[in-house]
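Trainee: If you scroll down you'll find the structure; I have some questions about it.
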Amino acid sequence: MPKDIWFKKTRPLIWKRDGHKCTRCGKNVTLEECHIDHIVSGKFGTNHHSNLRTLCRRCHVLRADFRHQGMISKALKDGIIPPNWREHVWEDLD
């Protein structure tokens, strides 16, 4: 999906659909700070709206997905997640 479509159409649509809240913890998030997460990521994931959800930064970083590992050190530095962050990692239960 081209970046302009993602940022101008998809992100606002999913954020509005999810009530401007993190679907994990319920925290209110602005469009600028929200993270649009792929429920199923990688080669089996799609950009279909049913596979997308709004998360806050903390919940996105703590999601059990190896693709998110690059976000951990910055989130630690910024105080978004605690030093014992491994105890707070979550995953979707089917």
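Naming scheme: A, B, ... for chains in displayed order of the structure tokens; residues 1 onward per chain; ligands 1 onward as shown.
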Might you pull out every residue within 6 Å of A:Cys56, with only C-alpha atoms counted and same-chain residues fewer than 5 positions away left off, and present them as a PyMOL selection string?
Mentor: chain A and resi 22+34-35
Trainee: Using DSSP on the backbone coordinates, identify all residues within chain A classified as strand (DSSP E or B); present the result as a list in words.
Mentor: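 Residues of chain A classed as strand (DSSP E or B): Lys21, Asn28, His35, Ile36, Asp37, His38, Leu52, Arg53, Thr54, Leu55, Arg63 and Trp90 of chain A.
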Trainee: Just the residues within 12 Å of A:His88, please, counting only C-alpha atoms, with nothing from its chain fewer than 2 positions along; format it as a list in words.
Mentor: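 Those residues are Arg58, Cys59, His60, Val61, Leu62, Arg63, Ala64, Ile81, Pro82, Pro83, Asn84, Trp85, Arg86, Trp90 and Glu91 of chain A.
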Trainee: Which residue, A:Leu13, A:Glu32, A:Asp4, A:Phe66, has the smallest gap to A:His49 when you use only C-alpha atoms?
Mentor: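 Using only C-alpha atoms, the shortest distance to A:His49 belongs to A:Leu13.
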Trainee: Env of stretch 40-44 of chain A: 9 Å cut, atoms = only C-alpha atoms, seq-sep filter 5 positions within chain, self excluded. Answer as a list of chain:residue names.
Mentor: A:Asn51, A:Leu52, A:Asp65, A:Arg67
Trainee: When you count only C-alpha atoms, which of these residues is closest to A:Lys21: A:His48, A:Arg53, A:Lys77, A:His68?
Mentor: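 Going through A:His48, A:Arg53, A:Lys77, A:His68 one by one, the smallest distance to A:Lys21 is for A:Arg53.
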Trainee: Would you please give, as an NGL selection string, all residues of chain A that DSSP assigns to alpha helix (DSSP H) based on the backbone?
Mentor: :A and (3-5 or 11-17 or 57-62 or 72-77)
Trainee: Considering only C-alpha atoms, can you say which of A:Ile39, A:Lys8, A:Thr46, A:Thr54 comes closest to A:Thr23?
Mentor: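 Looking only at the distances to A:Thr23, the closest residue turns out to be A:Thr54.
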Trainee: Write out as a list of chain:residue names which residues come within 9 Å of A:Glu33 when counting only C-alpha atoms, dropping same-chain ones fewer than 3 positions away.
Mentor: A:Val29, A:Thr30, A:Cys56, A:Arg57
